[in-house]
Every structure is written in structure tokens, then in C-alpha cells.
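Enquirer: Contents of query_37.cif (mmCIF, C-alpha atoms) are given next:
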```cif
data_final
#
loop_
_atom_site.label_atom_id
_atom_site.label_comp_id
_atom_site.auth_asym_id
_atom_site.auth_seq_id
_atom_site.Cartn_x
_atom_site.Cartn_y
_atom_site.Cartn_z
CA MET A 246 -5.00 0.97 -29.30
CA GLU A 247 -5.51 4.67 -29.73
CA LYS A 248 -7.91 4.97 -26.82
CA ILE A 249 -6.58 6.32 -23.56
CA LEU A 250 -7.04 3.60 -20.96
CA THR A 251 -7.87 4.75 -17.45
CA ASN A 252 -5.39 4.07 -14.69
CA LYS A 253 -7.72 1.59 -13.10
CA VAL A 254 -8.05 -0.42 -16.30
CA ILE A 255 -4.26 -0.42 -16.83
CA ASN A 256 -3.74 -1.53 -13.27
CA ARG A 257 -6.24 -4.37 -13.65
CA LEU A 258 -4.72 -5.44 -16.98
CA THR A 259 -1.33 -5.90 -15.31
CA LEU A 260 -2.99 -8.03 -12.64
CA TYR A 261 -4.73 -10.13 -15.31
CA HIS A 262 -1.32 -10.46 -16.94
CA SER A 263 0.19 -11.87 -13.73
CA ILE A 264 -2.59 -14.45 -13.57
CA LEU A 265 -2.19 -15.35 -17.25
CA SER A 266 1.58 -15.79 -16.80
CA ASP A 267 0.88 -18.15 -13.96
CA TYR A 268 -1.64 -20.11 -16.09
CA MET A 269 0.92 -20.30 -18.91
CA GLU A 270 3.53 -21.74 -16.53
CA ARG A 271 1.00 -24.31 -15.41
CA GLU A 272 0.11 -25.00 -19.07
CA ILE A 273 -3.58 -24.21 -18.64
CA GLU A 274 -4.83 -23.31 -22.10
CA ASN A 275 -8.07 -21.51 -21.32
CA ILE A 276 -9.19 -19.05 -18.70
CA SER A 277 -12.63 -17.62 -17.96
CA SER A 278 -13.53 -14.15 -16.73
CA THR A 279 -14.87 -15.91 -13.62
CA ASN A 280 -11.45 -17.46 -12.92
CA ILE A 281 -9.87 -14.01 -13.07
CA ALA A 282 -12.64 -12.29 -11.14
CA GLU A 283 -12.50 -14.81 -8.31
CA LEU A 284 -8.75 -14.55 -7.89
CA LEU A 285 -8.94 -10.76 -7.70
CA HIS A 286 -12.19 -10.66 -5.72
CA ILE A 287 -13.69 -8.28 -8.24
CA ASP A 288 -16.79 -8.37 -10.33
CA ASN A 289 -17.02 -10.71 -13.30
CA THR A 290 -18.57 -7.96 -15.40
CA THR A 291 -15.59 -5.67 -14.78
CA VAL A 292 -13.23 -8.33 -16.13
CA ARG A 293 -15.39 -8.91 -19.19
CA LYS A 294 -15.68 -5.18 -19.89
CA ASP A 295 -11.92 -4.65 -19.60
CA ILE A 296 -11.19 -7.49 -21.98
CA ALA A 297 -13.88 -6.32 -24.39
CA LEU A 298 -12.05 -2.96 -24.43
CA LEU A 299 -9.11 -4.81 -25.99
CA GLY A 300 -11.44 -6.00 -28.73
CA TYR A 301 -11.20 -9.61 -27.60
CA LYS A 302 -14.13 -11.94 -27.09
CA GLY A 303 -14.11 -15.17 -25.18
CA LYS A 304 -16.00 -18.27 -26.21
CA CYS A 305 -19.02 -19.43 -24.27
CA LYS A 306 -18.11 -22.12 -21.71
CA VAL A 307 -14.47 -22.17 -22.92
CA GLY A 308 -13.46 -18.63 -22.03
CA TYR A 309 -10.33 -16.96 -23.37
CA LYS A 310 -7.19 -18.55 -24.80
CA THR A 311 -4.55 -17.90 -22.14
CA SER A 312 -1.73 -17.24 -24.62
CA GLU A 313 -3.81 -14.98 -26.88
CA LEU A 314 -5.13 -12.84 -24.05
CA LYS A 315 -1.65 -12.54 -22.55
CA ALA A 316 -0.17 -11.44 -25.87
CA LEU A 317 -2.96 -8.93 -26.40
CA ILE A 318 -2.40 -7.31 -23.00
CA GLU A 319 1.33 -7.10 -23.73
CA GLU A 320 0.61 -5.40 -27.02
CA THR A 321 -1.88 -2.98 -25.48
CA LEU A 322 0.46 -2.00 -22.68
CA LYS A 323 3.32 -1.69 -25.18
CA PHE A 324 5.56 -4.18 -23.38
CA GLU A 325 7.60 -4.66 -26.52
CA LYS A 326 8.86 -1.10 -26.43
CA LEU A 327 11.65 -1.65 -23.97
CA LYS A 328 12.02 1.26 -21.62
CA THR A 329 15.37 1.77 -19.97
CA ALA A 330 16.02 3.63 -16.75
CA PHE A 331 18.75 4.51 -14.29
CA ILE A 332 18.26 4.11 -10.55
CA ILE A 333 19.60 7.06 -8.59
CA GLY A 334 20.38 6.00 -5.02
CA ALA A 335 21.58 2.46 -4.25
CA GLY A 336 20.03 2.22 -0.79
CA ASN A 337 17.60 -0.53 0.19
CA LEU A 338 14.84 0.72 -2.07
CA GLY A 339 17.14 1.25 -5.07
CA MET A 340 18.56 -2.25 -4.53
CA ALA A 341 15.08 -3.75 -4.19
CA LEU A 342 14.01 -2.20 -7.49
CA ALA A 343 17.23 -3.32 -9.21
CA LYS A 344 16.49 -6.88 -8.10
CA TYR A 345 12.83 -6.76 -9.09
CA ASP A 346 13.03 -9.17 -12.02
CA ASN A 347 9.42 -8.68 -12.89
CA PHE A 348 10.21 -5.31 -14.47
CA GLU A 349 11.81 -6.88 -17.53
CA ALA A 350 8.76 -9.00 -18.20
CA TYR A 351 6.97 -5.69 -18.69
CA GLY A 352 9.55 -4.24 -21.07
CA PHE A 353 11.22 -2.20 -18.39
CA LYS A 354 14.97 -2.47 -17.99
CA ILE A 355 17.26 -1.00 -15.35
CA ASN A 356 20.51 -0.01 -17.06
CA ALA A 357 22.63 0.91 -14.02
CA LEU A 358 22.54 2.43 -10.53
CA PHE A 359 24.26 5.55 -9.24
CA ASP A 360 25.29 6.43 -5.71
CA ASN A 361 27.83 8.58 -3.87
CA SER A 362 28.95 6.02 -1.31
CA PRO A 363 32.51 4.71 -1.92
CA GLU A 364 31.55 1.27 -0.51
CA LYS A 365 28.81 0.88 -3.09
CA ILE A 366 30.49 2.33 -6.18
CA GLY A 367 32.04 -0.42 -8.30
CA GLN A 368 29.74 -3.14 -6.92
CA LYS A 369 27.17 -4.96 -8.99
CA ILE A 370 23.59 -5.78 -8.10
CA ASN A 371 21.59 -8.23 -10.21
CA ASP A 372 24.25 -7.80 -12.94
CA LYS A 373 23.82 -4.02 -12.97
CA ASP A 374 26.74 -1.71 -12.19
CA ILE A 375 26.68 0.83 -9.40
CA PHE A 376 28.50 3.92 -10.71
CA SER A 377 29.54 7.12 -8.99
CA ILE A 378 26.96 9.85 -9.34
CA LYS A 379 29.87 12.06 -10.45
CA ASP A 380 30.08 10.03 -13.65
CA PHE A 381 26.37 10.32 -14.38
CA GLY A 382 26.59 12.92 -17.16
CA LYS A 383 29.38 11.04 -18.92
CA ILE A 384 27.62 7.65 -18.77
CA MET A 385 24.26 9.10 -19.69
CA LYS A 386 25.66 10.59 -22.90
CA LYS A 387 26.64 7.10 -24.10
CA THR A 388 23.05 5.82 -23.76
CA ASP A 389 19.61 6.98 -24.78
CA VAL A 390 18.16 6.61 -21.28
CA LYS A 391 15.75 9.41 -20.39
CA ILE A 392 14.13 7.92 -17.26
CA ALA A 393 15.54 8.22 -13.74
CA ILE A 394 14.15 6.31 -10.77
CA LEU A 395 14.81 8.50 -7.76
CA THR A 396 15.44 6.65 -4.48
CA VAL A 397 17.82 9.05 -2.69
CA PRO A 398 17.22 10.31 0.88
CA LYS A 399 14.57 13.00 1.22
CA ALA A 400 17.13 15.68 2.13
CA HIS A 401 18.90 15.35 -1.24
CA ALA A 402 15.89 14.79 -3.48
CA GLN A 403 15.56 18.29 -4.94
CA GLU A 404 19.29 18.88 -5.37
CA VAL A 405 19.75 15.54 -7.16
CA THR A 406 16.68 16.25 -9.30
CA ASN A 407 18.18 19.55 -10.47
CA PHE A 408 21.40 17.73 -11.35
CA LEU A 409 19.56 14.97 -13.27
CA ILE A 410 17.59 17.48 -15.30
CA LYS A 411 20.73 19.46 -16.09
CA SER A 412 22.25 16.16 -17.31
CA GLY A 413 19.33 15.52 -19.69
CA ILE A 414 16.87 13.30 -17.80
CA GLU A 415 13.30 13.89 -18.98
CA TYR A 416 11.19 11.52 -16.86
CA ILE A 417 11.51 11.02 -13.12
CA TRP A 418 9.85 8.17 -11.26
CA ASN A 419 9.98 9.71 -7.80
CA PHE A 420 10.08 7.31 -4.84
CA THR A 421 11.09 10.00 -2.35
CA PRO A 422 8.37 11.50 -0.16
CA CYS A 423 9.13 14.97 -1.63
CA VAL A 424 7.17 16.94 -4.16
CA LEU A 425 9.86 17.89 -6.67
CA ASN A 426 10.07 21.31 -8.23
CA VAL A 427 10.72 20.78 -11.95
CA PRO A 428 10.31 22.74 -15.20
CA ASP A 429 7.20 22.12 -17.29
CA ASN A 430 8.97 19.95 -19.87
CA ILE A 431 9.97 17.36 -17.25
CA GLN A 432 7.53 14.60 -16.36
CA VAL A 433 7.43 13.44 -12.76
CA TRP A 434 5.54 10.37 -11.62
CA ASN A 435 5.18 10.47 -7.85
CA GLU A 436 5.21 6.94 -6.48
CA ASN A 437 3.30 7.87 -3.44
CA LEU A 438 3.42 4.61 -1.48
CA ILE A 439 1.56 5.90 1.50
CA GLY A 440 -1.03 7.52 -0.77
CA ASN A 441 -1.60 4.16 -2.42
CA PHE A 442 -2.08 2.57 0.94
CA LEU A 443 -4.39 5.27 2.29
CA GLN A 444 -6.64 4.66 -0.71
CA PHE A 445 -6.97 1.19 0.70
CA THR A 446 -7.60 2.13 4.32
CA VAL A 447 -9.47 5.46 4.20
CA ASN A 448 -12.44 4.00 2.41
CA HIS A 449 -12.72 1.31 5.10
CA GLY A 450 -10.69 -1.26 3.26
CA LYS A 451 -12.99 -1.27 0.25
CA LYS A 452 -10.93 -2.58 -2.59
CA ASP A 453 -10.76 -0.54 -5.72
CA ASN A 454 -8.46 -2.48 -7.99
CA MET B 86 -16.27 12.95 6.32
CA GLU B 87 -18.81 10.36 5.37
CA LYS B 88 -18.26 10.73 1.64
CA ILE B 89 -16.10 8.18 -0.11
CA LEU B 90 -13.16 10.01 -1.66
CA THR B 91 -11.90 8.71 -4.97
CA ASN B 92 -8.40 7.28 -5.14
CA LYS B 93 -7.23 10.18 -7.23
CA VAL B 94 -8.44 12.72 -4.68
CA ILE B 95 -6.81 10.79 -1.82
CA ASN B 96 -3.58 10.58 -3.75
CA ARG B 97 -3.60 14.30 -4.46
CA LEU B 98 -4.44 15.12 -0.83
CA THR B 99 -1.32 13.26 0.31
CA LEU B 100 0.74 15.26 -2.18
CA TYR B 101 -0.79 18.52 -0.92
CA HIS B 102 0.07 17.30 2.57
CA SER B 103 3.75 16.90 1.60
CA ILE B 104 3.78 20.45 0.27
CA LEU B 105 2.04 21.81 3.37
CA SER B 106 4.54 20.02 5.64
CA ASP B 107 7.34 21.66 3.71
CA TYR B 108 5.67 25.10 4.03
CA MET B 109 5.24 24.52 7.78
CA GLU B 110 8.94 23.70 8.14
CA ARG B 111 9.76 26.91 6.30
CA GLU B 112 7.26 28.79 8.49
CA ILE B 113 5.17 30.05 5.57
CA GLU B 114 1.75 30.80 7.00
CA ASN B 115 -0.39 30.92 3.87
CA ILE B 116 -0.57 28.91 0.67
CA SER B 117 -2.65 29.46 -2.46
CA SER B 118 -4.18 26.87 -4.76
CA THR B 119 -1.87 28.29 -7.45
CA ASN B 120 1.22 27.55 -5.33
CA ILE B 121 0.09 23.93 -4.99
CA ALA B 122 -1.02 23.58 -8.61
CA GLU B 123 2.28 24.87 -9.94
CA LEU B 124 4.39 22.54 -7.81
CA LEU B 125 2.36 19.53 -8.98
CA HIS B 126 1.92 20.75 -12.56
CA ILE B 127 -1.80 20.25 -12.31
CA ASP B 128 -4.77 22.50 -12.82
CA ASN B 129 -5.58 25.19 -10.30
CA THR B 130 -9.27 24.30 -10.49
CA THR B 131 -8.54 20.70 -9.51
CA VAL B 132 -6.76 21.87 -6.36
CA ARG B 133 -9.59 24.22 -5.45
CA LYS B 134 -12.22 21.53 -6.03
CA ASP B 135 -10.35 19.00 -3.89
CA ILE B 136 -10.02 21.45 -1.03
CA ALA B 137 -13.64 22.51 -1.35
CA LEU B 138 -14.53 18.81 -0.91
CA LEU B 139 -13.02 19.08 2.58
CA GLY B 140 -15.42 21.93 3.28
CA TYR B 141 -12.59 24.47 3.50
CA LYS B 142 -12.55 27.81 1.76
CA GLY B 143 -9.52 30.00 1.15
CA LYS B 144 -9.53 33.76 1.38
CA CYS B 145 -9.20 35.87 -1.73
CA LYS B 146 -5.57 36.97 -2.29
CA VAL B 147 -4.45 35.30 0.96
CA GLY B 148 -5.22 31.68 0.14
CA TYR B 149 -5.38 28.95 2.75
CA LYS B 150 -3.84 28.87 6.23
CA THR B 151 -1.04 26.30 5.93
CA SER B 152 -1.57 24.80 9.39
CA GLU B 153 -5.36 24.63 9.10
CA LEU B 154 -5.33 22.97 5.70
CA LYS B 155 -2.69 20.49 6.84
CA ALA B 156 -4.71 19.56 9.94
CA LEU B 157 -7.86 19.18 7.88
CA ILE B 158 -6.20 16.78 5.44
CA GLU B 159 -4.85 14.75 8.36
CA GLU B 160 -8.32 14.54 9.84
CA THR B 161 -9.90 13.59 6.52
CA LEU B 162 -7.36 10.87 5.83
CA LYS B 163 -7.67 9.65 9.43
CA PHE B 164 -3.97 10.05 10.21
CA GLU B 165 -4.74 10.07 13.91
CA LYS B 166 -5.95 6.46 13.81
CA LEU B 167 -2.57 4.82 14.05
CA LYS B 168 -2.38 1.72 11.94
CA THR B 169 0.18 -0.90 12.87
CA ALA B 170 1.64 -3.50 10.57
CA PHE B 171 4.21 -6.26 10.39
CA ILE B 172 6.64 -6.55 7.49
CA ILE B 173 7.04 -10.12 6.29
CA GLY B 174 10.38 -10.51 4.51
CA ALA B 175 13.42 -8.48 5.58
CA GLY B 176 15.03 -8.24 2.15
CA ASN B 177 15.90 -4.94 0.49
CA LEU B 178 12.29 -3.94 0.00
CA GLY B 179 11.24 -4.88 3.53
CA MET B 180 14.24 -2.97 4.89
CA ALA B 181 13.44 0.05 2.72
CA LEU B 182 9.87 0.13 3.99
CA ALA B 183 11.01 -0.30 7.61
CA LYS B 184 13.28 2.72 7.18
CA TYR B 185 10.64 4.85 5.44
CA ASP B 186 10.13 7.35 8.25
CA ASN B 187 7.42 9.13 6.36
CA PHE B 188 4.97 6.35 7.20
CA GLU B 189 4.62 7.45 10.82
CA ALA B 190 3.75 11.00 9.77
CA TYR B 191 0.71 9.38 8.17
CA GLY B 192 -0.30 7.41 11.22
CA PHE B 193 1.21 4.20 9.95
CA LYS B 194 3.57 2.30 12.20
CA ILE B 195 5.71 -0.74 11.47
CA ASN B 196 5.74 -2.91 14.59
CA ALA B 197 8.35 -5.52 13.60
CA LEU B 198 9.81 -7.50 10.71
CA PHE B 199 9.85 -11.25 10.18
CA ASP B 200 12.26 -13.35 8.14
CA ASN B 201 13.62 -16.88 7.98
CA SER B 202 17.29 -16.03 7.51
CA PRO B 203 19.45 -16.75 10.61
CA GLU B 204 21.74 -13.80 9.76
CA LYS B 205 18.83 -11.39 9.90
CA ILE B 206 16.88 -12.74 12.86
CA GLY B 207 17.76 -10.86 16.04
CA GLN B 208 18.95 -7.73 14.19
CA LYS B 209 17.21 -4.38 14.40
CA ILE B 210 16.39 -2.02 11.58
CA ASN B 211 15.31 1.53 12.36
CA ASP B 212 14.65 0.37 15.96
CA LYS B 213 12.35 -2.43 14.80
CA ASP B 214 13.14 -6.04 15.64
CA ILE B 215 13.58 -8.72 13.01
CA PHE B 216 12.00 -11.88 14.40
CA SER B 217 11.93 -15.44 13.13
CA ILE B 218 8.87 -16.18 11.03
CA LYS B 219 8.48 -19.27 13.22
CA ASP B 220 7.58 -16.98 16.13
CA PHE B 221 4.98 -15.06 14.12
CA GLY B 222 1.87 -16.61 15.65
CA LYS B 223 3.18 -16.20 19.19
CA ILE B 224 4.18 -12.54 18.72
CA MET B 225 1.04 -11.69 16.82
CA LYS B 226 -1.15 -12.89 19.70
CA LYS B 227 0.45 -10.32 22.01
CA THR B 228 -0.49 -7.41 19.69
CA ASP B 229 -3.59 -6.23 17.88
CA VAL B 230 -1.84 -6.01 14.51
CA LYS B 231 -4.03 -7.16 11.63
CA ILE B 232 -2.00 -5.83 8.68
CA ALA B 233 0.90 -7.64 7.02
CA ILE B 234 3.16 -6.04 4.43
CA LEU B 235 4.31 -8.88 2.20
CA THR B 236 7.80 -8.51 0.71
CA VAL B 237 8.92 -12.13 0.43
CA PRO B 238 10.30 -13.66 -2.80
CA LYS B 239 7.69 -14.49 -5.41
CA ALA B 240 8.17 -18.25 -4.99
CA HIS B 241 7.05 -18.15 -1.36
CA ALA B 242 4.30 -15.55 -1.62
CA GLN B 243 1.27 -17.87 -1.60
CA GLU B 244 2.60 -20.27 1.02
CA VAL B 245 3.49 -17.38 3.38
CA THR B 246 0.08 -15.80 2.73
CA ASN B 247 -1.69 -19.00 3.77
CA PHE B 248 0.40 -19.05 6.94
CA LEU B 249 -0.34 -15.39 7.75
CA ILE B 250 -4.07 -15.88 7.32
CA LYS B 251 -4.02 -18.97 9.50
CA SER B 252 -2.25 -16.85 12.14
CA GLY B 253 -5.00 -14.20 12.07
CA ILE B 254 -3.84 -11.52 9.62
CA GLU B 255 -6.82 -9.79 7.95
CA TYR B 256 -5.21 -7.22 5.60
CA ILE B 257 -2.30 -7.87 3.26
CA TRP B 258 -0.40 -5.11 1.51
CA ASN B 259 1.11 -7.24 -1.22
CA PHE B 260 4.42 -6.04 -2.71
CA THR B 261 5.14 -9.35 -4.46
CA PRO B 262 4.36 -9.62 -8.16
CA CYS B 263 1.91 -12.47 -7.43
CA VAL B 264 -1.84 -12.42 -7.38
CA LEU B 265 -2.63 -14.06 -4.04
CA ASN B 266 -5.38 -16.55 -3.59
CA VAL B 267 -7.24 -15.61 -0.38
CA PRO B 268 -10.65 -16.22 1.21
CA ASP B 269 -13.32 -13.56 0.80
CA ASN B 270 -12.94 -12.15 4.31
CA ILE B 271 -9.28 -11.20 3.72
CA GLN B 272 -8.46 -7.86 2.11
CA VAL B 273 -5.50 -7.71 -0.23
CA TRP B 274 -4.08 -4.47 -1.58
CA ASN B 275 -1.83 -5.24 -4.54
CA GLU B 276 0.99 -2.72 -4.66
CA ASN B 277 1.51 -3.15 -8.31
CA LEU B 278 4.63 -1.05 -8.87
CA ILE B 279 4.93 -1.79 -12.54
CA GLY B 280 1.21 -1.14 -13.00
CA ASN B 281 1.64 2.28 -11.43
CA PHE B 282 4.48 3.02 -13.78
CA LEU B 283 2.68 1.77 -16.88
CA GLN B 284 -0.14 4.18 -16.09
CA PHE B 285 2.51 6.84 -16.51
CA THR B 286 4.06 5.57 -19.73
CA VAL B 287 1.21 3.94 -21.66
CA ASN B 288 -0.76 7.13 -22.00
CA HIS B 289 2.32 8.82 -23.46
CA GLY B 290 3.59 10.26 -20.21
CA LYS B 291 0.39 12.18 -19.57
CA LYS B 292 0.29 12.77 -15.87
CA ASP B 293 -2.77 11.75 -14.00
CA ASN B 294 -2.03 12.61 -10.40
#
```
What does the file become when written as C-alpha cells?
Expert:
Amino acid sequence: MEKILTNKVINRLTLYHSILSDYMEREIENISSTNIAELLHIDNTTVRKDIALLGYKGKCKVGYKTSELKALIEETLKFEKLKTAFIIGAGNLGMALAKYDNFEAYGFKINALFDNSPEKIGQKINDKDIFSIKDFGKIMKKTDVKIAILTVPKAHAQEVTNFLIKSGIEYIWNFTPCVLNVPDNIQVWNENLIGNFLQFTVNHGKKDN
Amino acid sequence: MEKILTNKVINRLTLYHSILSDYMEREIENISSTNIAELLHIDNTTVRKDIALLGYKGKCKVGYKTSELKALIEETLKFEKLKTAFIIGAGNLGMALAKYDNFEAYGFKINALFDNSPEKIGQKINDKDIFSIKDFGKIMKKTDVKIAILTVPKAHAQEVTNFLIKSGIEYIWNFTPCVLNVPDNIQVWNENLIGNFLQFTVNHGKKDN
């Protein structure tokens, strides 16, 4: 796939993928665009267009092969290219993300967590170590991880960001409510939870999946 | 504002709002579209267009009044209309959301949490009670809350959803990795964390804030 998929299409494809995984578990071999559309309360045509974008056509009355469509979405979204990340900040949100098993199904792996709290350092969560942030540079050098998931308190977000960049991090998935100041060569993805929600409520609850 | 704002515009407005809040704290009276654009690594023109959508014009060389622009964004995104929600599931993610003070700045208030674990029931987190899920219907009747934030384990997501709907919940902000099966009159917003992240990585890290 050399086309750039829009964010909305990518987002829908991951939702189709959840449905397909569920169908696979229940050993249902075929799925129609109507099945998908009804579950997501979206338009049938949207589903068909998205799937046509992948170059896949369903059969009349039979629909799509569950396993084939699932595999095609995985290929399109590059699930096989495992991405590895560190979580910085082992508070509730960091812990929640470390426990979020669904990440690995999407080729996303959490390598370890870092924190500065003595009670947390040395513990394990979901089989992942919590290391001291002081050892970050040393541990990072032994891996090829370039992604940091930032879940530290707001007050430390910028200072920790500077430290991560100095240590060689190139991508930051920012869960703090701060806009980070970073050099041009660093990519920041702001996970703006409240922004996501406002999209839902501002337009009078109209869904826009 | 009777126009429907696109999700991208809403998302950017919340990011501008973070920057403006920071400027207010630092008592900086004016801000230019260039200041905002540089912090977010986006195009100056995009910032100016978004702000023009609000019907606000900056002054040449001076830029925008920080306080005025902030107030205008709050009005546009209807921050003043306080929205109240319950969190269902007091695990790490539920706890993280209950502690996320930034929500209230956006007119979003967590009323209480619900769980089924005896160790959690009766505790407080960030001044919010954790109640037994068994008391949900009773407590809900005393409030006008219509929004549930769903952070229960995947295995219970559908069953809990059915229960919430039966109890009168109309909007579900779904943090579980499940596609929920709901009647047409119920609005579900799927907070698809991995989908958000894939948008970032699939298109080769091109930002699309």
C-alpha cells in the first residue's frame, strides 16, 4: 500500500479488525459489509469503500472471508513490523498501558517502564520491568527502541522530554496534557484524550468514526 | 457557532487552548499564530485559518490577545456546559482518568467510579467515591448523568454495556478494545488508542494534528 490512508480510514480499519478478531474466535467464516456497518452504526457504503481501498472485493450474498480480510488489514496497517516502546512514568496511566494486551496484537510492544519512585523501581507489571529513570540512557543503548510513551505528571513533562531526547528518543507518544517543545527532528503524537472526546460532544454527539 | 467543526480543527483548538493556558500562567498578554505554529510544528496558515473560523482576527505584529482567544475557544468548544460522567471500572485506566485534573478545565466532570471489587468499593480517588456496581441504578437515578466511561476488562465489556443501557446511560465513551453492540439510540465513542497511534506510525510518522 503506497497510498496514504486518512486517519479516519485507519481508525475504522482497526475497528473492523476488532470485529474480525471476534468473528475468528467465534469461527464465523464470512462477514458482510452490513454486519460491520450495523455493529459500528455507520453507513454500509463507507465500509465497502474502505475495504475496496485495500483492493479486496467481497462476493455477492457471501461477503468477505473473515480470515482474508483480517490478514489484509494487518498487512495494510503494517502490524508485522513490531514497534517497541518504553513507558515513561509508572503511574496509573502508565500501568494501564503496560497492561493493555491488545497492543501486541497490533505489533506494538512495551519493552519496559521507567519511574523515579523507589517503591515502584524493581517491580514488574505484566512481565515488564520498572527501571529507575536514572538508568534510562544505559538501558536504551542496549536496545533499538526509539519510541517513548510519556505518562509523567504535567509538571515534569517538558523536563523529562528534554532528557529523553538527549538520550536518543525520536518519537514521543504524549499522554500528558502539555504541548511539548521539541526540535524539528523529533516527532510528537499528542494523545489528546479530551480533544478526542470533545469531537464527540461538540458536534452534538454525531459520531464520526 | 452553528457550523460543524471538523475533528481535526477541534483537536487543534484544544492544543491551542493548552498553549494559551500556559501563556496565561506566565502572564504573556499576546500570542502570534507563529508562536502557536512553531510549538506544534504545524503550518502557520493552518493556525490562522482555524482562528479565522472562530471569527477572530489578530493584529499585525501584535498577534492575538491571549485571554480573548482562550475565552473564544472555550465558548466554541462549549466548555461552560459542564458534562458529568461515571467511570465504570476502577482499574488502572479508570483511576488514571479519575485523576486527570485537566478534564474539569474542559467542562468535564467525573461524578463517581463503579467497580465490583470489595477492596476498591468504599475508597475514594481524587475525592470521587468508588461505589459498588450493584448500586449503579440507584445512584444514577439521583443524578442526571447520561455518560459512562467504560474501562472494564474486555471480557465483561458487552455484559456491562447492556447493564448500563438498561439503567439509562445514553452515551458510552468506550476505552475497552471491544466493539460494543448497542441499540441505535445509544451513542458510543470508541477511544481506540491503538488506532490513534497507528495513524501516527502507518503514514511514516507524518504528523496530522
Enquirer: Please indicate the distance in Å from atom CA of B:Asp107 to atom CA of A:Phe359, rounded to one decimal place.
Expert: 26.7 Å
Enquirer: Residue by residue, what does the PyMOL selection byres ((chain A) within 6 of (chain B)) grab here? Present the result as a PyMOL selection string.
Expert: chain A and resi 252+256+259+284+337-338+341+426+440+444
Enquirer: What residues have an atom no more than 7 Å from (22.3, 0.3, -14.0) in the file's own frame, counting only C-alpha atoms, and can you write them as a list of chain:residue names?
Expert: A:Phe331, A:Ile332, A:Ile355, A:Asn356, A:Ala357, A:Leu358, A:Lys373, A:Asp374, A:Ile375
Enquirer: Could you please determine the separation between atom CA of B:Ile218 and atom CA of B:Ala170 in Å, to one decimal place?
Expert: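 Taking atom CA of B:Ile218 and atom CA of B:Ala170, their separation equals 14.6 Å.
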Enquirer: Starting from the point (-11.6, -7.7, -25.7), work out which residues of protein, DNA or RNA have an atom no more than 12 Å away when counting all atoms listed in the file; state them as an MDAnalysis selection string.
Expert: chainID A and resid 246 258 278 291:304 308:310 313:315 317:318 321
Enquirer: Centre and edge lengths of an axis-aligned box around all listed atoms of stretch 403-410 of chain A, with 4 Å added on each side, are to be given in Å to one decimal, as JSON.
Expert:
```
{"center_x": 18.5, "center_y": 17.3, "center_z": -10.1, "size_x": 13.8, "size_y": 12.6, "size_z": 18.4}
```
Enquirer: Find the residues around B:Lys205 up to 8 Å (only C-alpha atoms counted), leave out those fewer than 3 positions away in its own chain, and share them as a PyMOL selection string.
Expert: chain B and resi 175+200-202+208+215
Enquirer: Go ahead and compute the interatomic distance for atom CA of A:Phe420 and atom CA of A:Gly352, in Å to one decimal.
Expert: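 Answer for the atom CA of A:Phe420 to atom CA of A:Gly352 separation: 19.9 Å.
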Enquirer: Which one is closest to A:Val405: A:Lys391, A:Lys386, A:Lys354, A:Lys379? Count all atoms listed in the file.
Expert: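 The answer is A:Lys379, which sits nearest to A:Val405.
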Enquirer: As an mmCIF file, keeping the file's coordinate frame, could you write out stretch 193-208 of chain B once it has been completed with N, CA and C atoms?
Expert:
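Output below, filename out_21.cif:
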```
data_model
loop_
_atom_site.group_PDB
_atom_site.id
_atom_site.type_symbol
_atom_site.label_atom_id
_atom_site.label_comp_id
_atom_site.auth_asym_id
_atom_site.auth_seq_id
_atom_site.Cartn_x
_atom_site.Cartn_y
_atom_site.Cartn_z
ATOM 1 N N PHE B 193 0.991 5.590 10.316
ATOM 2 C CA PHE B 193 1.210 4.200 9.950
ATOM 3 C C PHE B 193 2.500 3.737 10.620
ATOM 4 N N LYS B 194 2.409 2.710 11.420
ATOM 5 C CA LYS B 194 3.570 2.300 12.200
ATOM 6 C C LYS B 194 3.940 0.846 11.894
ATOM 7 N N ILE B 195 5.222 0.620 11.639
ATOM 8 C CA ILE B 195 5.710 -0.740 11.470
ATOM 9 C C ILE B 195 6.089 -1.252 12.852
ATOM 10 N N ASN B 196 5.484 -2.351 13.262
ATOM 11 C CA ASN B 196 5.740 -2.910 14.590
ATOM 12 C C ASN B 196 7.027 -3.745 14.612
ATOM 13 N N ALA B 197 7.167 -4.647 13.647
ATOM 14 C CA ALA B 197 8.350 -5.520 13.600
ATOM 15 C C ALA B 197 8.457 -6.145 12.219
ATOM 16 N N LEU B 198 9.605 -6.774 11.965
ATOM 17 C CA LEU B 198 9.810 -7.500 10.710
ATOM 18 C C LEU B 198 9.968 -8.980 11.023
ATOM 19 N N PHE B 199 9.680 -9.806 10.035
ATOM 20 C CA PHE B 199 9.850 -11.250 10.180
ATOM 21 C C PHE B 199 10.602 -11.795 8.966
ATOM 22 N N ASP B 200 11.498 -12.750 9.227
ATOM 23 C CA ASP B 200 12.260 -13.350 8.140
ATOM 24 C C ASP B 200 12.633 -14.771 8.550
ATOM 25 N N ASN B 201 13.184 -15.532 7.602
ATOM 26 C CA ASN B 201 13.620 -16.880 7.980
ATOM 27 C C ASN B 201 15.141 -17.027 7.933
ATOM 28 N N SER B 202 15.851 -15.935 7.628
ATOM 29 C CA SER B 202 17.290 -16.030 7.510
ATOM 30 C C SER B 202 17.979 -15.827 8.859
ATOM 31 N N PRO B 203 18.792 -16.844 9.288
ATOM 32 C CA PRO B 203 19.450 -16.750 10.610
ATOM 33 C C PRO B 203 20.318 -15.503 10.753
ATOM 34 N N GLU B 204 20.893 -15.005 9.650
ATOM 35 C CA GLU B 204 21.740 -13.800 9.760
ATOM 36 C C GLU B 204 20.912 -12.556 10.081
ATOM 37 N N LYS B 205 19.654 -12.583 9.690
ATOM 38 C CA LYS B 205 18.830 -11.390 9.900
ATOM 39 C C LYS B 205 18.090 -11.413 11.225
ATOM 40 N N ILE B 206 17.666 -12.611 11.618
ATOM 41 C CA ILE B 206 16.880 -12.740 12.860
ATOM 42 C C ILE B 206 17.697 -12.239 14.052
ATOM 43 N N GLY B 207 17.063 -11.402 14.876
ATOM 44 C CA GLY B 207 17.760 -10.860 16.040
ATOM 45 C C GLY B 207 18.339 -9.473 15.790
ATOM 46 N N GLN B 208 18.481 -9.091 14.517
ATOM 47 C CA GLN B 208 18.950 -7.730 14.190
ATOM 48 C C GLN B 208 17.824 -6.740 14.408
#
```
